[in-house]
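Working notes, structure below.
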There are 2 protein chains.
Amino acid sequence: MVASLGIDLGGTFARAAVVGARGELVASAKHTLTDRSPEAVVEAIGMASERALALAPGVEVSGCGVGVAAQLDLVKNSVRVAPNIGWRDVPLGALLERRLKKRVVLINDLKAACYGEFVAGAGRGARDLLMASVGSGVGSAAIVNAQLVLGSHGVAGELGHIKVVAEGGRRCGCGEYGCLEAYAGGMNLIAQAKEAVSAGRSPKLAALSQGEPSGPLPPQIEEAAHAGDAAAREIYDRAVSYLSVAFANIVTVFNPARLILGGGVMAHCPRMRKAIEDGVLRYTSMTSRVGFSVVDAQLGDDSGVVGA
Amino acid sequence: MVASLGIDLGGTFARAAVVGARGELVASAKHTLTDRSPEAVVEAIGMASERALALAPGVEVSGCGVGVAAQLDLVKNSVRVAPNIGWRDVPLGALLERRLKKRVVLINDLKAACYGEFVAGAGRGARDLLMASVGSGVGSAAIVNAQLVLGSHGVAGELGHIKVVAEGGRRCGCGEYGCLEAYAGGMNLIAQAKEAVSAGRSPKLAALSQGEPSGPLPPQIEEAAHAGDAAAREIYDRAVSYLSVAFANIVTVFNPARLILGGGVMAHCPRMRKAIEDGVLRYTSMTSRVGFSVVDAQLGDDSGVVGA
């Protein structure tokens with residue numbers, strides 16, 4: 001049997017898996033990241049990989065794909081910026097090739113997840129797909145003619161940084177203003193809710209999130225919005241509206257067979273997920289709605305390693 | 001020499017050209033459409049093709065591509081809806097194969113133009129491109145990994161029908177509300193200007209467009225806006241803002257090497273074209289701005305036949 005080694009490098013752990021040619025998971029192992037220096041992370045990936053390989057004896061592993069929550073330089077096979085683990089310009093591809101003694105290809109984590117869903121998940125059987133993720137940030141990935149869209153510099157899919165407010169918008173983590181993520185990403189939902197609670201404008205949300213060290217979480221914002229908290233409702237409705245229109249507009253332009261929704265906020269805020277599906281179907285152009293559907297990601301944590 | 005036959009079917013004429021393997025124009029001919037019935041149009045295309053072929057003796061023509069301003073059914077090789085010539089469900093591919101005795105492939109006119117620019121115009125040397133056109137309507141086409149983006153049902157690129165106003169927007173020709181084209185397409189620029197003139201809100205524009213049978217034209221709207229006409233300014237600025245943000249947002253998501261601007265409004269309203277270039281560079285995400293440029297379409301009328 002011929003297989004590949006798929007690695008998902010997150011902010012808190014490295015996961016390695018032996019994945020068959022049709023995307024089936026043969027064996028997997030996880031290693032927690034205690035130290036986030038490049039050397040320690042490479043070692044953690046090495047350990048997870050050795051354990052996964054040991055669980056799949058007799059399987060011939062050809063190459064290795066690594067999904068990273070980062071902006072990558074695909075030509076140099078290196079990490080440009082990885083905010084989660086605080087990296088800038090790390091030659092991860094070369095470091096891992098030395099450690100694993102295999103050819104290593106880096107890929108953005110959301111593109112890996114999308115590719116995973118394409119070969120073995122919610123995207124099976126379609127040649128044109130979009131995946132949109134609402135987690136701590138907002139991002140997207142696309143499959144066109146059965147190929148991942150990478151873009152001319154490998155940074156296609158930055159849906160979180162499209163502008164939803166042209167002038168005078170909220171400041172985004174990227175340094176610019178008016179980005180979708182500044183209103184609808186998980187971190188920014190929390191930040192906006194904190195502002196409302198601090199200003200005394202959101203009593204229900206204050207009660208619901210009491211004792212939450214990081215501030216009101218997205219499911220609590222959803223609950224407060226539906227319980228009649230006006231400030232929570234405003235934050236929530238604005239996020240739903242911006243996400244719905246943005247997702248619909250990329251569906252109109254790409255004309256995919258399916259839009260796959262993923263990410264923690266989509267998984268833990270079911271009413272928001274439903275409102276966004278309704279909004280996408282409402283705002284997508286008539287012609288791109290034909291034969292189109294909104295579906296949930298199926299592979300969960302596995303999509304990253306399978307796609308990589 | 002091996003070449004292809006490229007046909008551009010517009011609203012007023014059919015143009016046929018013999019095009020070499022690298023996109024070079026060998027010979028071309030045009031036939032005016034007097035009657036727009038499918039039979040008459042097929043005959044007009046046949047005549048234009050025969051003339052173009054006669055101008056290129058000894059050239060072996062393999063197949064034929066036809067660019068049509070229409071929504072197509074790529075599986076049936078037929079026209080679904082062509083508003084310009086008033087067609088609905090016409091099996092143009094089969095009719096032309098019978099007339100021309102060649103294999104015929106239909107393609108949307110803007111996708112043909114984009115492909116033409118890719119092989120022989122403003123897109124040469126890039127594998128990832130976007131083309132946006134502002135003419136009587138608004139549309140787009142994309143090249144990803146050196147391939148045209150068709151979409152799962154062949155209708156990718158309907159940028160004119162993304163929603164720029166979620167609720168209570170202007171009615172679009174497509175029957176929906178709040179589409180980009182309803183504010184920024186040439187026909188709708190004229191319609192909005194007519195409303196302003198009829199309501200007496202736009203004296204400068206009324207003077208500039210006096211005697212214009214179809215109403216104020218886009219270059220006149222541009223001129224009035226810059227001459228201090230408040231109503232013209234509002235229409236103009238809104239169109240510039242919506243187009244800039246929309247183009248920037250698709251650049252952010254696709255990460256192309258170039259955005260090619262085409263269409264009559266872009267060609268005849270130079271200040272609008274410049275304002276849109278500035279806006280696109282301003283609103284595109286930082287990461288997608290790297291190595292990116294906005295350029296003009298180069299092939300003009302030839303892009304359609306070359307691409308087809």
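As shown in the structure tokens, the chain order sets the letters A, B, ...; within each chain, residues go from 1, and ligands are also counted from 1 in the order they appear.
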
Practice task
Do me a favour and pick out the residues of chain B within 6 Å of chain A, using only C-alpha atoms, as a list in words.
Solution key: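 In the required form, that comes to Asp128, Gly151, Ser152, Ala156, Gly157, Glu158, Leu159, His161, Ile162, Asn249, Thr252, Val253, Phe254, Asn255, Pro256, Ala257 and Ser285 of chain B.
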
With a distance cut-off of 12 Å and only C-alpha atoms, select the neighbouring residues of stretch 91-93 of chain B, excluding the residue or stretch itself and same-chain residues fewer than 3 positions from it, and output the selection as a compact mmCIF listing (two decimals) with C-alpha atoms, in the first residue's frame.
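selection-v4.txt, written as the output of this step:
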```txt
# COMPACT_ATOMS: atom_id res chain seq x y z
CA LEU B 9 -21.06 37.01 -31.87
CA SER B 37 -33.31 34.74 -35.88
CA PRO B 38 -31.05 31.73 -35.18
CA GLU B 39 -31.11 30.73 -38.88
CA ALA B 40 -30.05 34.20 -40.07
CA VAL B 41 -27.34 34.49 -37.40
CA VAL B 42 -25.92 31.07 -38.27
CA GLU B 43 -25.85 32.12 -41.91
CA ILE B 45 -21.49 33.54 -39.05
CA CYS B 64 -13.98 26.62 -34.08
CA GLY B 65 -14.63 28.60 -30.88
CA VAL B 66 -17.57 31.00 -30.63
CA GLY B 67 -17.72 33.77 -28.03
CA VAL B 68 -21.31 34.74 -27.27
CA ALA B 70 -24.93 34.88 -23.35
CA LEU B 72 -24.57 29.05 -22.06
CA ASP B 73 -25.28 25.43 -21.39
CA LEU B 74 -21.79 23.97 -21.86
CA VAL B 75 -22.99 20.37 -21.71
CA LYS B 76 -25.56 20.82 -24.49
CA ASN B 77 -23.28 23.35 -26.28
CA SER B 78 -26.30 25.65 -26.55
CA VAL B 79 -27.38 29.18 -25.65
CA ARG B 80 -29.61 29.41 -22.57
CA VAL B 81 -30.31 33.15 -22.58
CA ALA B 82 -28.79 35.84 -24.85
CA TRP B 87 -32.53 34.21 -27.73
CA ARG B 88 -33.63 31.54 -25.30
CA LEU B 96 -23.02 25.86 -36.48
CA GLU B 97 -21.39 22.43 -36.69
CA ARG B 98 -23.82 21.61 -39.50
CA ARG B 99 -23.12 24.92 -41.29
CA LEU B 100 -19.33 25.05 -40.80
CA LYS B 101 -18.57 21.30 -40.93
CA LYS B 102 -16.22 21.73 -37.96
CA ARG B 103 -16.28 20.96 -34.27
CA VAL B 104 -17.71 24.05 -32.53
CA VAL B 105 -17.23 25.08 -28.89
CA LEU B 106 -19.32 27.89 -27.40
CA ILE B 107 -17.89 30.20 -24.76
```

Exercise for the section: Pick out the residues sitting within 12 Å of stretch 190-198 of chain A, and hand them over as number ranges by chain; count only C-alpha atoms, and ignore anything fewer than 2 positions along from it in its own chain. Expected result: A: 135-137, 170-173, 181-188, 200-210, 212-222, 224-225, 229-236, 238-239, 265

Those same residues, written as a short mmCIF file (atom, residue, chain, number, x, y, z; two decimals), in the first residue's frame with N, CA and C atoms?
```
data_model
loop_
_atom_site.label_atom_id
_atom_site.label_comp_id
_atom_site.auth_asym_id
_atom_site.auth_seq_id
_atom_site.Cartn_x
_atom_site.Cartn_y
_atom_site.Cartn_z
N GLY A 135 -13.79 30.89 12.30
CA GLY A 135 -13.25 30.41 13.57
C GLY A 135 -12.74 31.64 14.29
N SER A 136 -11.52 31.58 14.81
CA SER A 136 -10.98 32.80 15.43
C SER A 136 -10.86 33.88 14.36
N GLY A 137 -10.54 33.48 13.14
CA GLY A 137 -10.54 34.41 12.00
C GLY A 137 -11.55 33.95 10.97
N ARG A 170 -14.00 49.31 11.16
CA ARG A 170 -13.28 48.82 12.34
C ARG A 170 -11.88 48.38 11.95
N ARG A 171 -10.95 48.57 12.85
CA ARG A 171 -9.58 48.14 12.61
C ARG A 171 -9.49 46.62 12.73
N CYS A 172 -8.78 46.01 11.79
CA CYS A 172 -8.62 44.56 11.77
C CYS A 172 -7.25 44.19 12.32
N GLY A 173 -7.08 42.94 12.73
CA GLY A 173 -5.80 42.46 13.21
C GLY A 173 -4.68 42.59 12.18
N GLU A 181 -13.31 40.16 8.64
CA GLU A 181 -12.88 39.53 9.90
C GLU A 181 -12.98 40.47 11.10
N ALA A 182 -12.84 41.78 10.87
CA ALA A 182 -12.92 42.75 11.97
C ALA A 182 -14.31 42.79 12.58
N TYR A 183 -15.33 42.30 11.84
CA TYR A 183 -16.70 42.29 12.34
C TYR A 183 -17.18 40.88 12.67
N ALA A 184 -16.66 39.88 11.96
CA ALA A 184 -17.29 38.57 12.02
C ALA A 184 -16.37 37.43 12.44
N GLY A 185 -15.07 37.66 12.60
CA GLY A 185 -14.19 36.61 13.11
C GLY A 185 -14.42 36.41 14.60
N GLY A 186 -14.17 35.19 15.10
CA GLY A 186 -14.43 34.87 16.50
C GLY A 186 -13.74 35.83 17.47
N MET A 187 -12.46 36.10 17.24
CA MET A 187 -11.71 37.00 18.12
C MET A 187 -12.35 38.38 18.15
N ASN A 188 -12.83 38.84 17.01
CA ASN A 188 -13.43 40.17 16.94
C ASN A 188 -14.87 40.18 17.43
N GLY A 200 -21.42 48.77 29.68
CA GLY A 200 -22.70 48.61 30.36
C GLY A 200 -23.89 48.52 29.42
N ARG A 201 -23.63 48.27 28.11
CA ARG A 201 -24.73 48.26 27.14
C ARG A 201 -25.34 46.87 26.95
N SER A 202 -24.78 45.88 27.65
CA SER A 202 -25.18 44.52 27.34
C SER A 202 -25.36 43.67 28.60
N PRO A 203 -26.41 43.99 29.39
CA PRO A 203 -26.59 43.31 30.69
C PRO A 203 -26.75 41.78 30.56
N LYS A 204 -27.52 41.32 29.60
CA LYS A 204 -27.74 39.86 29.47
C LYS A 204 -26.44 39.15 29.13
N LEU A 205 -25.68 39.77 28.24
CA LEU A 205 -24.41 39.16 27.85
C LEU A 205 -23.43 39.19 29.03
N ALA A 206 -23.48 40.25 29.82
CA ALA A 206 -22.62 40.35 31.00
C ALA A 206 -22.92 39.19 31.94
N ALA A 207 -24.23 38.91 32.16
CA ALA A 207 -24.62 37.83 33.06
C ALA A 207 -24.20 36.47 32.50
N LEU A 208 -24.45 36.27 31.18
CA LEU A 208 -24.13 34.98 30.56
C LEU A 208 -22.65 34.66 30.57
N SER A 209 -21.82 35.70 30.46
CA SER A 209 -20.38 35.45 30.29
C SER A 209 -19.59 35.71 31.56
N GLN A 210 -20.30 35.86 32.67
CA GLN A 210 -19.62 36.12 33.93
C GLN A 210 -18.60 35.01 34.23
N GLU A 212 -16.02 34.28 32.52
CA GLU A 212 -15.32 33.82 31.31
C GLU A 212 -14.05 34.66 31.18
N PRO A 213 -12.88 34.05 31.34
CA PRO A 213 -11.67 34.88 31.40
C PRO A 213 -11.41 35.68 30.11
N SER A 214 -11.73 35.10 28.94
CA SER A 214 -11.37 35.80 27.70
C SER A 214 -12.46 36.75 27.22
N GLY A 215 -13.60 36.80 27.97
CA GLY A 215 -14.71 37.64 27.52
C GLY A 215 -15.82 36.77 26.96
N PRO A 216 -16.95 37.36 26.55
CA PRO A 216 -18.10 36.59 26.06
C PRO A 216 -17.71 35.79 24.83
N LEU A 217 -18.06 34.50 24.83
CA LEU A 217 -17.73 33.64 23.70
C LEU A 217 -18.84 33.71 22.64
N PRO A 218 -18.52 33.38 21.38
CA PRO A 218 -19.54 33.46 20.32
C PRO A 218 -20.86 32.76 20.66
N PRO A 219 -20.87 31.55 21.25
CA PRO A 219 -22.18 30.95 21.55
C PRO A 219 -22.97 31.77 22.59
N GLN A 220 -22.25 32.45 23.48
CA GLN A 220 -22.94 33.30 24.46
C GLN A 220 -23.49 34.56 23.78
N ILE A 221 -22.75 35.06 22.81
CA ILE A 221 -23.25 36.22 22.05
C ILE A 221 -24.52 35.83 21.30
N GLU A 222 -24.47 34.63 20.70
CA GLU A 222 -25.66 34.13 19.99
C GLU A 222 -26.85 34.01 20.95
N ALA A 224 -27.37 35.56 23.89
CA ALA A 224 -27.83 36.87 24.35
C ALA A 224 -28.62 37.58 23.24
N ALA A 225 -28.15 37.46 21.99
CA ALA A 225 -28.85 38.11 20.87
C ALA A 225 -30.28 37.57 20.78
N ASP A 229 -31.04 40.84 24.00
CA ASP A 229 -30.00 41.81 24.36
C ASP A 229 -29.67 42.63 23.10
N ALA A 230 -29.99 43.93 23.14
CA ALA A 230 -29.90 44.76 21.92
C ALA A 230 -28.48 44.90 21.41
N ALA A 231 -27.52 45.08 22.30
CA ALA A 231 -26.14 45.27 21.86
C ALA A 231 -25.60 43.97 21.25
N ALA A 232 -25.90 42.83 21.89
CA ALA A 232 -25.47 41.54 21.35
C ALA A 232 -26.13 41.31 19.99
N ARG A 233 -27.40 41.68 19.90
CA ARG A 233 -28.15 41.51 18.64
C ARG A 233 -27.50 42.29 17.50
N GLU A 234 -27.07 43.49 17.82
CA GLU A 234 -26.46 44.32 16.79
C GLU A 234 -25.16 43.69 16.27
N ILE A 235 -24.32 43.26 17.20
CA ILE A 235 -23.05 42.61 16.83
C ILE A 235 -23.31 41.35 16.00
N TYR A 236 -24.27 40.57 16.48
CA TYR A 236 -24.60 39.28 15.87
C TYR A 236 -25.21 39.46 14.48
N ARG A 238 -25.03 42.02 12.47
CA ARG A 238 -24.08 42.59 11.53
C ARG A 238 -23.14 41.51 11.01
N ALA A 239 -22.66 40.65 11.91
CA ALA A 239 -21.77 39.56 11.49
C ALA A 239 -22.50 38.64 10.51
N VAL A 265 -16.70 28.75 15.05
CA VAL A 265 -17.91 29.55 15.24
C VAL A 265 -19.09 28.88 14.52
#
```

Problem - Residues flagged strand (DSSP E or B) by DSSP in stretch 24-271 of chain B, as a ChimeraX atom specification - result: /B:25-32,60-68,71-73,78-82,87-90,104-108,129-134,138-144,147-148,163,171,177,179,258-262

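Close contacts of A:Asp296, defined as residues with an atom at most 7 Å away when counting only C-alpha atoms, with chain neighbours fewer than 4 positions off set aside, comprise A:Ala122, A:Ile260, A:Leu261, A:Gly262.
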
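Atom CA of B:Glu117 is found 28.1 Å from atom CA of B:Leu95.
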
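Separating atom CA of B:Gly63 from atom CA of B:Ala16 is a distance of 12.6 Å.
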